[in-house]
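Structure file work.txt with compact mmCIF, C-alpha atoms and all ligand atoms:
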# COMPACT_ATOMS: atom_id res chain seq x y z
CA MET Q 1185 -14.62 -27.72 21.33
CA HIS Q 1186 -15.37 -24.62 19.34
CA GLU Q 1187 -15.47 -24.48 15.58
CA LYS Q 1188 -12.24 -23.16 14.08
CA THR Q 1189 -12.41 -19.52 13.01
CA PHE Q 1190 -10.36 -17.50 10.58
CA PHE Q 1191 -7.87 -16.55 13.29
CA ASP Q 1192 -7.33 -20.17 14.34
CA LYS Q 1193 -6.36 -21.00 10.79
CA TYR Q 1194 -4.52 -17.85 9.67
CA GLU Q 1195 -1.80 -15.70 11.19
CA LEU Q 1196 -0.92 -12.12 10.33
CA ILE Q 1197 2.39 -11.90 8.43
CA SER Q 1198 2.40 -8.32 7.17
CA SER Q 1199 0.33 -5.15 7.27
CA SER Q 1200 0.35 -1.71 5.69
CA ASN Q 1201 1.53 -0.24 9.02
CA ASP Q 1202 4.93 -1.86 8.42
CA PHE Q 1203 5.33 0.42 5.37
CA ARG Q 1204 4.61 3.80 6.93
CA GLY Q 1205 6.96 6.37 5.36
CA GLN Q 1206 9.36 3.69 4.15
CA PHE Q 1207 10.27 5.16 0.75
CA ASN Q 1208 13.91 6.18 0.67
CA VAL Q 1209 15.57 7.64 -2.45
CA THR Q 1210 19.14 7.20 -1.33
CA ILE Q 1211 19.43 3.41 -0.98
CA ASP Q 1212 20.20 0.70 -3.56
CA LYS Q 1213 17.11 -1.25 -4.51
CA VAL Q 1214 15.98 -4.52 -6.08
CA CYS Q 1215 12.43 -4.70 -7.44
CA LYS Q 1216 10.56 -7.57 -5.76
CA PHE Q 1217 8.47 -8.16 -8.90
CA CYS Q 1218 10.91 -8.07 -11.86
CA LEU Q 1219 14.09 -8.50 -9.73
CA LYS Q 1220 15.86 -5.64 -11.53
CA THR Q 1221 18.22 -3.46 -9.52
CA SER Q 1222 18.53 0.31 -9.33
CA LYS Q 1223 21.37 0.00 -11.86
CA GLU Q 1224 18.98 -1.55 -14.40
CA ASN Q 1225 15.70 0.28 -13.73
CA THR Q 1226 14.72 3.61 -12.21
CA PHE Q 1227 13.02 3.81 -8.80
CA LYS Q 1228 11.93 7.45 -8.85
CA ASN Q 1229 8.17 7.12 -8.34
CA ILE Q 1230 6.94 6.63 -4.79
CA PRO Q 1231 5.11 3.27 -4.80
CA HIS Q 1232 2.19 3.05 -2.38
CA VAL Q 1233 1.43 -0.43 -1.07
CA ILE Q 1234 -2.23 0.68 -0.94
CA PRO Q 1235 -3.10 2.87 -3.94
CA GLU Q 1236 -4.16 6.33 -2.82
CA LEU Q 1237 -7.46 6.00 -4.63
CA LEU Q 1238 -8.44 3.88 -1.61
CA GLY Q 1239 -7.58 6.81 0.65
CA LYS Q 1240 -4.66 9.14 1.21
CA ASN Q 1241 -1.82 7.31 2.95
CA ASN Q 1242 1.95 7.14 3.37
CA TYR Q 1243 2.42 3.38 3.21
CA THR Q 1244 5.28 3.33 0.74
CA SER Q 1245 7.80 0.78 -0.44
CA ASN Q 1246 11.40 0.46 -1.64
CA ASP Q 1247 10.70 -2.78 -3.48
CA GLU Q 1248 9.04 -1.62 -6.69
CA CYS Q 1249 10.69 -0.17 -9.80
CA ASP Q 1250 9.05 2.51 -11.96
CA SER Q 1251 8.23 0.06 -14.79
CA CYS Q 1252 6.39 -2.33 -12.47
CA ASN Q 1253 4.68 0.58 -10.76
CA LYS Q 1254 3.37 1.77 -14.12
CA LEU Q 1255 2.44 -1.71 -15.30
CA PHE Q 1256 0.41 -2.62 -12.22
CA GLY Q 1257 -1.07 0.87 -11.97
CA ALA Q 1258 -3.02 0.10 -15.17
CA TYR Q 1259 -5.75 -1.66 -13.18
CA GLU Q 1260 -6.46 1.23 -10.84
CA THR Q 1261 -9.14 3.01 -12.90
CA ASP Q 1262 -11.27 -0.11 -12.67
CA LEU Q 1263 -10.75 -0.28 -8.92
CA SER Q 1264 -11.63 3.38 -8.59
CA ASN Q 1265 -14.90 2.99 -10.51
CA TYR Q 1266 -15.71 -0.14 -8.57
CA ILE Q 1267 -15.41 1.42 -5.10
CA SER Q 1268 -17.23 4.65 -5.99
CA PRO Q 1269 -19.29 6.43 -4.66
CA TYR Q 1270 -18.36 5.73 -1.03
CA GLN Q 1271 -15.41 8.09 -0.71
CA THR Q 1272 -17.54 11.01 -1.79
CA LEU Q 1273 -20.36 10.05 0.56
CA ILE Q 1274 -18.10 9.86 3.62
CA GLY Q 1275 -15.70 12.62 2.51
CA GLN Q 1276 -12.57 10.49 2.27
CA LYS Q 1277 -9.62 12.14 0.58
CA THR Q 1278 -7.86 10.13 -2.10
CA LYS Q 1279 -4.68 12.05 -3.05
CA SER Q 1280 -5.29 15.63 -2.12
CA LYS Q 1281 -9.04 15.99 -2.45
CA ILE Q 1282 -12.33 14.22 -2.01
CA PRO Q 1283 -13.42 12.77 -5.36
CA ILE Q 1284 -16.63 13.93 -7.06
CA PHE Q 1285 -18.98 11.10 -7.94
CA GLN Q 1286 -20.58 11.16 -11.38
CA SER Q 1287 -22.90 8.35 -12.26
CA ARG Q 1288 -22.79 6.31 -15.44
CA LYS Q 1289 -25.05 7.80 -18.11
CA ASP Q 1290 -27.32 5.48 -20.00
CA SER Q 1291 -28.35 7.91 -22.74
CA ALA Q 1292 -28.37 11.63 -23.27
CA GLU Q 1293 -29.51 12.22 -19.71
CA LYS Q 1294 -27.39 14.06 -17.13
CA SER Q 1295 -25.42 12.19 -14.50
CA THR Q 1296 -26.33 12.11 -10.86
CA THR Q 1297 -23.47 13.88 -9.11
CA ILE Q 1298 -22.27 13.85 -5.51
CA LYS Q 1299 -19.92 16.57 -4.31
CA TYR Q 1300 -18.63 16.90 -0.79
CA ILE Q 1301 -19.17 20.50 0.34
CA ASP Q 1302 -18.76 21.95 3.85
CA GLY Q 1303 -18.51 18.56 5.51
CA LYS Q 1304 -21.57 17.08 3.82
CA PRO Q 1305 -22.28 15.16 0.64
CA ASN Q 1306 -24.41 17.23 -1.76
CA ILE Q 1307 -26.40 15.08 -4.12
CA ASN Q 1308 -27.75 16.40 -7.37
CA PHE Q 1309 -29.88 13.86 -9.09
CA ASN Q 1310 -30.80 15.99 -12.10
CA ASN Q 1311 -33.63 14.18 -13.86
CA ASN Q 1312 -32.81 10.71 -12.60
CA LEU Q 1313 -35.73 10.68 -10.19
CA VAL Q 1314 -36.46 7.07 -10.92
CA ASP Q 1315 -33.25 6.19 -9.05
CA PHE Q 1316 -34.66 7.59 -5.79
CA HIS Q 1317 -37.23 6.00 -3.62
CA TYR Q 1318 -38.90 7.38 -0.49
CA ASP Q 1319 -40.27 5.11 2.17
CA TYR Q 1320 -42.35 7.55 4.25
CA THR Q 1321 -43.45 4.96 6.79
CA ASN Q 1322 -39.92 3.93 7.77
CA LYS Q 1323 -38.36 7.33 7.00
CA LEU Q 1324 -35.92 5.88 4.53
CA ILE Q 1325 -34.50 7.17 1.27
CA SER Q 1326 -32.97 4.64 -1.08
CA MET Q 1327 -30.69 5.73 -3.88
CA ASN Q 1328 -29.66 3.61 -6.77
CA LEU Q 1329 -26.27 4.93 -7.87
CA LYS Q 1330 -25.02 3.81 -11.24
CA LYS Q 1331 -21.28 3.32 -11.10
CA LYS Q 1332 -19.03 3.86 -14.11
CA LYS Q 1333 -18.20 0.64 -15.93
CA PHE Q 1334 -15.35 -1.51 -14.67
CA ILE Q 1335 -13.66 -4.82 -15.46
CA PRO Q 1336 -14.06 -7.23 -12.50
CA LEU Q 1337 -10.83 -9.11 -13.32
CA ASN Q 1338 -8.86 -5.85 -13.21
CA VAL Q 1339 -10.39 -4.95 -9.86
CA TYR Q 1340 -9.29 -8.34 -8.56
CA LYS Q 1341 -5.79 -7.89 -10.00
CA SER Q 1342 -5.35 -4.48 -8.40
CA LEU Q 1343 -6.28 -5.97 -5.03
CA VAL Q 1344 -3.95 -8.97 -5.51
CA LYS Q 1345 -1.21 -6.43 -6.23
CA ILE Q 1346 -1.76 -4.94 -2.75
CA GLY Q 1347 -1.27 -8.45 -1.35
CA LEU Q 1348 2.00 -8.94 -3.22
CA SER Q 1349 3.23 -5.50 -2.15
CA LEU Q 1350 2.71 -6.55 1.47
CA CYS Q 1351 4.15 -10.02 0.91
CA PRO Q 1352 7.64 -10.64 2.40
CA ARG Q 1353 10.22 -11.61 -0.24
CA ASN Q 1354 10.70 -15.17 1.02
CA GLU Q 1355 6.95 -15.86 0.69
CA LEU Q 1356 6.87 -14.21 -2.72
CA GLU Q 1357 9.06 -17.06 -4.03
CA ASP Q 1358 5.83 -19.11 -4.15
CA TYR Q 1359 3.97 -16.52 -6.21
CA LYS Q 1360 6.07 -16.07 -9.38
CA LYS Q 1361 3.16 -17.16 -11.53
CA THR Q 1362 0.94 -14.58 -9.83
CA ILE Q 1363 3.42 -11.84 -10.79
CA GLU Q 1364 3.40 -13.03 -14.43
CA TRP Q 1365 -0.39 -13.04 -14.43
CA LEU Q 1366 -0.49 -9.50 -13.06
CA ALA Q 1367 2.05 -8.30 -15.61
CA LYS Q 1368 -0.06 -9.53 -18.53
CA ASN Q 1369 -2.92 -7.14 -19.11
CA ASP Q 1370 -4.92 -9.38 -21.39
CA SER Q 1371 -8.01 -11.48 -21.14
CA GLU Q 1372 -6.93 -15.05 -21.79
CA SER Q 1373 -9.87 -17.25 -21.06
CA GLU Q 1374 -7.84 -20.47 -20.96
CA ILE Q 1375 -6.30 -19.78 -17.58
CA VAL Q 1376 -6.88 -22.51 -15.01
CA TYR Q 1377 -6.96 -20.99 -11.57
CA ASP Q 1378 -6.06 -22.86 -8.41
CA ILE Q 1379 -8.73 -20.92 -6.54
CA PRO Q 1380 -11.93 -19.22 -7.71
CA LEU Q 1381 -11.53 -15.43 -8.03
CA ASN Q 1382 -14.03 -14.56 -5.35
CA LEU Q 1383 -14.11 -11.21 -3.64
CA TYR Q 1384 -15.87 -10.98 -0.28
CA ARG Q 1385 -17.20 -7.60 0.75
CA THR Q 1386 -18.58 -6.22 3.98
CA ARG Q 1387 -20.18 -2.78 4.03
CA PHE Q 1388 -20.45 -0.93 7.34
CA ALA Q 1389 -23.58 0.94 8.28
CA ASN Q 1390 -22.32 2.76 11.38
CA LYS Q 1391 -18.59 3.28 10.95
CA TYR Q 1392 -15.86 4.03 8.50
CA TYR Q 1393 -12.10 3.99 8.28
CA ASP Q 1394 -10.53 7.41 7.72
CA LYS Q 1395 -7.31 5.84 6.50
CA PRO Q 1396 -7.16 2.69 4.46
CA PHE Q 1397 -5.31 -0.33 5.78
CA ALA Q 1398 -4.44 -3.77 4.52
CA SER Q 1399 -3.27 -6.97 6.20
CA LEU Q 1400 -1.90 -10.19 4.79
CA TYR Q 1401 -2.59 -13.49 6.53
CA LYS Q 1402 -0.92 -16.88 6.06
CA ARG Q 1403 -2.44 -20.28 6.68
CA ARG Q 1404 -0.93 -21.92 9.76
CA PHE Q 1405 -0.76 -25.53 8.47
CA GLU Q 1406 -0.06 -27.69 5.39
CA ILE Q 1407 -2.74 -28.70 2.90
CA ALA Q 1408 -4.46 -32.04 3.43
CA ASN Q 1409 -5.49 -34.58 0.79
CA ASN Q 1410 -8.21 -33.31 -1.52
CA LYS Q 1411 -8.92 -30.37 0.70
CA TYR Q 1412 -7.23 -27.06 1.17
CA GLU Q 1413 -7.52 -23.49 2.26
CA PRO Q 1414 -5.62 -20.97 0.11
CA LYS Q 1415 -2.25 -20.09 1.64
CA LEU Q 1416 -2.48 -16.29 1.65
CA SER Q 1417 -5.50 -14.17 2.40
CA LEU Q 1418 -5.65 -10.40 2.03
CA VAL Q 1419 -7.93 -8.01 3.90
CA VAL Q 1420 -8.27 -4.42 2.66
CA CYS Q 1421 -10.27 -1.75 4.49
CA SER Q 1422 -11.20 1.56 2.92
CA GLY Q 1423 -13.96 3.84 4.15
CA VAL Q 1424 -17.10 1.79 4.76
CA LEU Q 1425 -15.83 -1.20 2.78
CA VAL Q 1426 -13.83 -4.23 3.86
CA PHE Q 1427 -12.63 -6.67 1.20
CA GLN Q 1428 -11.21 -10.12 1.60
CA LEU Q 1429 -9.66 -12.24 -1.13
CA PHE Q 1430 -7.19 -15.07 -1.57
CA ILE Q 1431 -4.01 -14.87 -3.65
CA PRO Q 1432 -4.06 -17.21 -6.69
CA PHE Q 1433 -1.24 -19.33 -8.21
CA CYS Q 1434 0.66 -20.43 -5.15
CA THR Q 1435 3.29 -23.02 -6.24
CA GLU Q 1436 1.85 -25.65 -3.88
CA THR Q 1437 -1.44 -25.61 -5.80
CA GLU Q 1438 -0.62 -24.03 -9.16
CA ASN Q 1439 -1.04 -27.25 -11.12
CA ILE Q 1440 -4.31 -28.32 -9.64
CA ASN Q 1441 -7.79 -27.44 -10.69
CA TYR Q 1442 -9.69 -26.20 -7.69
CA LYS Q 1443 -12.84 -27.88 -8.93
CA GLU Q 1444 -11.26 -31.26 -8.11
CA TYR Q 1445 -10.54 -30.24 -4.56
CA GLN Q 1446 -12.69 -29.38 -1.66
CA LEU Q 1447 -11.81 -25.76 -1.18
CA VAL Q 1448 -12.44 -24.14 2.16
CA ASN Q 1449 -12.62 -20.36 2.30
CA ASP Q 1450 -12.43 -19.02 5.80
CA LEU Q 1451 -13.88 -15.62 6.15
CA TYR Q 1452 -12.36 -12.74 8.04
CA PRO Q 1453 -15.07 -11.52 10.44
CA ALA Q 1454 -14.99 -7.91 9.23
CA PHE Q 1455 -18.58 -7.31 10.27
CA LEU Q 1456 -17.40 -7.36 13.90
CA HIS Q 1457 -15.79 -3.94 13.32
CA ASN Q 1458 -19.24 -2.58 12.68
CA LEU Q 1459 -20.61 -3.62 16.05
CA ASP Q 1460 -20.26 -1.84 19.32
CA PHE Q 1461 -19.44 -4.33 22.02
CA LYS Q 1462 -20.90 -3.88 25.43
CA GLY Q 1463 -18.84 -5.60 28.11
CA GLU Q 1464 -18.48 -9.32 27.69
CA GLU Q 1465 -21.45 -9.67 25.39
CA LYS Q 1466 -21.13 -12.77 23.24
CA ILE Q 1467 -22.03 -12.66 19.61
CA GLU Q 1468 -23.09 -15.78 17.83
CA ILE Q 1469 -23.79 -15.59 14.15
CA HIS Q 1470 -24.10 -18.62 11.97
CA PRO Q 1471 -21.71 -18.51 8.95
CA SER Q 1472 -24.67 -18.62 6.56
CA GLN Q 1473 -25.95 -15.37 8.06
CA LEU Q 1474 -22.74 -13.38 7.84
CA PRO Q 1475 -23.35 -9.97 6.30
CA ILE Q 1476 -20.64 -10.64 3.74
CA ILE Q 1477 -21.38 -10.61 0.02
CA LYS Q 1478 -19.42 -12.78 -2.40
CA TYR Q 1479 -18.63 -11.54 -5.92
CA ASP Q 1480 -17.16 -13.66 -8.72
CA MET Q 1481 -14.51 -11.43 -10.30
CA ASN Q 1482 -13.38 -13.80 -13.06
CA TYR Q 1483 -14.80 -11.69 -15.87
CA SER Q 1484 -12.67 -9.70 -18.27
CA ALA Q 1485 -15.21 -7.44 -20.00
CA GLN Q 1486 -16.65 -4.19 -18.69
CA VAL Q 1487 -19.71 -4.52 -16.50
CA GLU Q 1488 -22.34 -2.08 -15.33
CA ALA Q 1489 -23.17 -2.25 -11.66
CA ASP Q 1490 -25.22 -0.15 -9.28
CA GLU Q 1491 -24.89 0.55 -5.58
CA ILE Q 1492 -28.05 0.84 -3.57
CA ILE Q 1493 -27.65 3.05 -0.53
CA HIS Q 1494 -30.22 3.68 2.18
CA PHE Q 1495 -30.46 6.79 4.33
CA LYS Q 1496 -32.61 7.35 7.36
CA TYR Q 1497 -34.11 10.83 7.65
CA GLU Q 1498 -35.73 12.81 10.45
CA LYS Q 1499 -37.74 15.33 8.52
CA LEU Q 1500 -38.30 16.24 4.87
CA GLU Q 1501 -38.40 19.89 3.85
CA SER Q 1502 -38.93 21.38 0.46
CA ILE Q 1503 -36.80 24.30 -0.61
CA LYS Q 1504 -37.52 26.89 -3.23
ZN ZN Q 1601 10.13 -4.10 -11.36
Any chance you could put this one into structure tokens?
Ligand SMILES: [Zn+2]
Amino acid sequence: MHEKTFFDKYELISSSNDFRGQFNVTIDKVCKFCLKTSKENTFKNIPHVIPELLGKNNYTSNDECDSCNKLFGAYETDLSNYISPYQTLIGQKTKSKIPIFQSRKDSAEKSTTIKYIDGKPNINFNNNLVDFHYDYTNKLISMNLKKKKFIPLNVYKSLVKIGLSLCPRNELEDYKKTIEWLAKNDSESEIVYDIPLNLYRTRFANKYYDKPFASLYKRRFEIANNKYEPKLSLVVCSGVLVFQLFIPFCTETENINYKEYQLVNDLYPAFLHNLDFKGEEKIEIHPSQLPIIKYDMNYSAQVEADEIIHFKYEKLESIK
């Protein structure tokens, strides 16, 4: 008997591919979040189920009114700062152009900037030499890139919003409290969550996704006594990053404190996308060695975080 994996426990119920070019101005609509109709609210903006800051795309929806679109869009700056500087490094377009990365400045110093020119990232580190480290023996350059500040809770909310955008209306019935939580842009600390707000991240070394995509998975069975897996799990891929998270406040668990339960988080094996399979080669990795990093996003103040990126080089040349 083999140990149950993510795919034994979860089935795919929706993905961004189902939304390709869906936006239609001529039909009558009902917003899936506030339940207002096109008679009550306008539906003029084109809502993307994956915000374009995660990569240019045409995954659009007919289920979101302009007010909700604006309300939930408020978290996107935090998401954008959080996922920098990868789009610039790989040259991924967001709306119409590749973003320029500018690092957070600690004092009067100049930012490190990365601009994508002629198919290559151009890095200007000004006077921030301390952020660069050469390892001559292993031919490695390590860069410490200081991201602009972001609020972890807002990053989590903007990702949950992607999950709800993908979520079929009948399933959304169980997530009314999640919608209320998203709609309130405040930092109540008294909230009792049914699951911890963990974000799991895999970073590829050899590959990247040109276009973002997102998939929503549903648990295949009922919860057992004192033990449960969250019902919905979202996977979002953008560039070299793959995120996985679980959607909080499902009605089946909304009144329980997760600390009193044995919570099982099954992880989507995103790292497999980074490997090149040869034939029938079998890969066995123990769960404790998965190259997946867990972040606790339940924090509502701005944080400073850095990304450390390693490059291999062939030859170093100095230029005048
Ligand atoms: Zn609405």
Quiz prompt | All residues having an atom within 6 Å of ligand ZN 1601 (chain Q) (only C-alpha atoms and all ligand atoms) as a PyMOL selection string | solution = chain Q and resi 1215+1217-1218+1220+1248-1249+1251-1252
Please identify every residue of region 1280-1363 of chain Q that has at least one atom no farther than 9 Å from an atom of region 1230-1241 of chain Q, counting all atoms listed in the file, and for each give the shortest atom pair and the distance in Å to one decimal, arranged by chain then increasing number, as a Markdown table.
| residue | atom | partner | partner_atom | distance |
| --- | --- | --- | --- | --- |
| Q:Ser1280 | CA | Q:Lys1240 | CA | 7.3 |
| Q:Lys1281 | CA | Q:Lys1240 | CA | 8.9 |
| Q:Ser1342 | CA | Q:Pro1235 | CA | 8.9 |
| Q:Leu1343 | CA | Q:Ile1234 | CA | 8.8 |
| Q:Lys1345 | CA | Q:Val1233 | CA | 8.3 |
| Q:Ile1346 | CA | Q:Val1233 | CA | 5.8 |
| Q:Gly1347 | CA | Q:Val1233 | CA | 8.5 |
| Q:Leu1348 | CA | Q:Val1233 | CA | 8.8 |
| Q:Ser1349 | CA | Q:Val1233 | CA | 5.5 |
| Q:Leu1350 | CA | Q:Val1233 | CA | 6.7 |
Of Q:Ser1422, Q:Thr1189, Q:Asn1482, Q:Asn1328, the one nearest to Val1376 (chain Q) when counting only C-alpha atoms is Q:Asn1482
Nearest to Tyr1452 (chain Q), restricted to all atoms listed in the file and choosing among Q:Phe1227, Q:Tyr1412, Q:Phe1405, Q:Tyr1384, comes out as Q:Tyr1384
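Residue nearest Gln1271 (chain Q) within the list Q:Ile1307, Q:Cys1351, Q:Leu1425, Q:Ile1211: Q:Leu1425 [criterion: smallest interatomic distance, all atoms listed in the file].
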If you count all atoms listed in the file, the residue of Q:Gln1446, Q:Glu1488, Q:Ser1200, Q:Gly1275 closest to Lys1289 (chain Q) turns out to be Q:Glu1488
**Message:** With all atoms listed in the file as the counted atoms, please give the residues lying no more than 10 Å from Lys1223 (chain Q), apart from itself and same-chain residues fewer than 5 positions off, as a ChimeraX atom specification.
**Reply:** /Q:1212-1214
From the list Q:Lys1415, Q:Arg1204, Q:Arg1387, Q:Lys1254, the nearest residue to Val1448 (chain Q) using only C-alpha atoms is Q:Lys1415
- Query: region 1434-1443 of chain Q: which residues within 12 Å, counting only C-alpha atoms, same-chain residues fewer than 3 positions away excluded, as an MDAnalysis selection string?
  - Reply: chainID Q and resid 1348 1355:1363 1365 1375:1381 1402 1406:1417 1430:1431 1446:1449
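Distance-wise, CA of Arg1288 (chain Q) and CA of Ile1492 (chain Q) end up 14.1 Å apart.
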Q) Within 12 Å of Gly1423 (chain Q), counting only C-alpha atoms, which residues qualify if same-chain residues fewer than 5 places away don't, as a PyMOL selection string? A) chain Q and resi 1237-1240+1267-1278+1386-1397+1458
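Pairwise distance (CA of Gln1428 (chain Q), CA of Ile1284 (chain Q)) equals 26.1 Å.
One finds CA of Phe1433 (chain Q) at 10.0 Å from CA of Glu1364 (chain Q).
Proximity ranking of Q:Lys1330, Q:Lys1323, Q:Lys1188, Q:Arg1385 relative to Phe1309 (chain Q) places Q:Lys1330 first, based on all atoms listed in the file.
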Practice prompt. Pick out the residues sitting within 7 Å of Phe1495 (chain Q), and hand them over as number ranges by chain; count all atoms listed in the file, and ignore anything fewer than 5 positions along from it in its own chain.
Written response: Q: 1324-1326
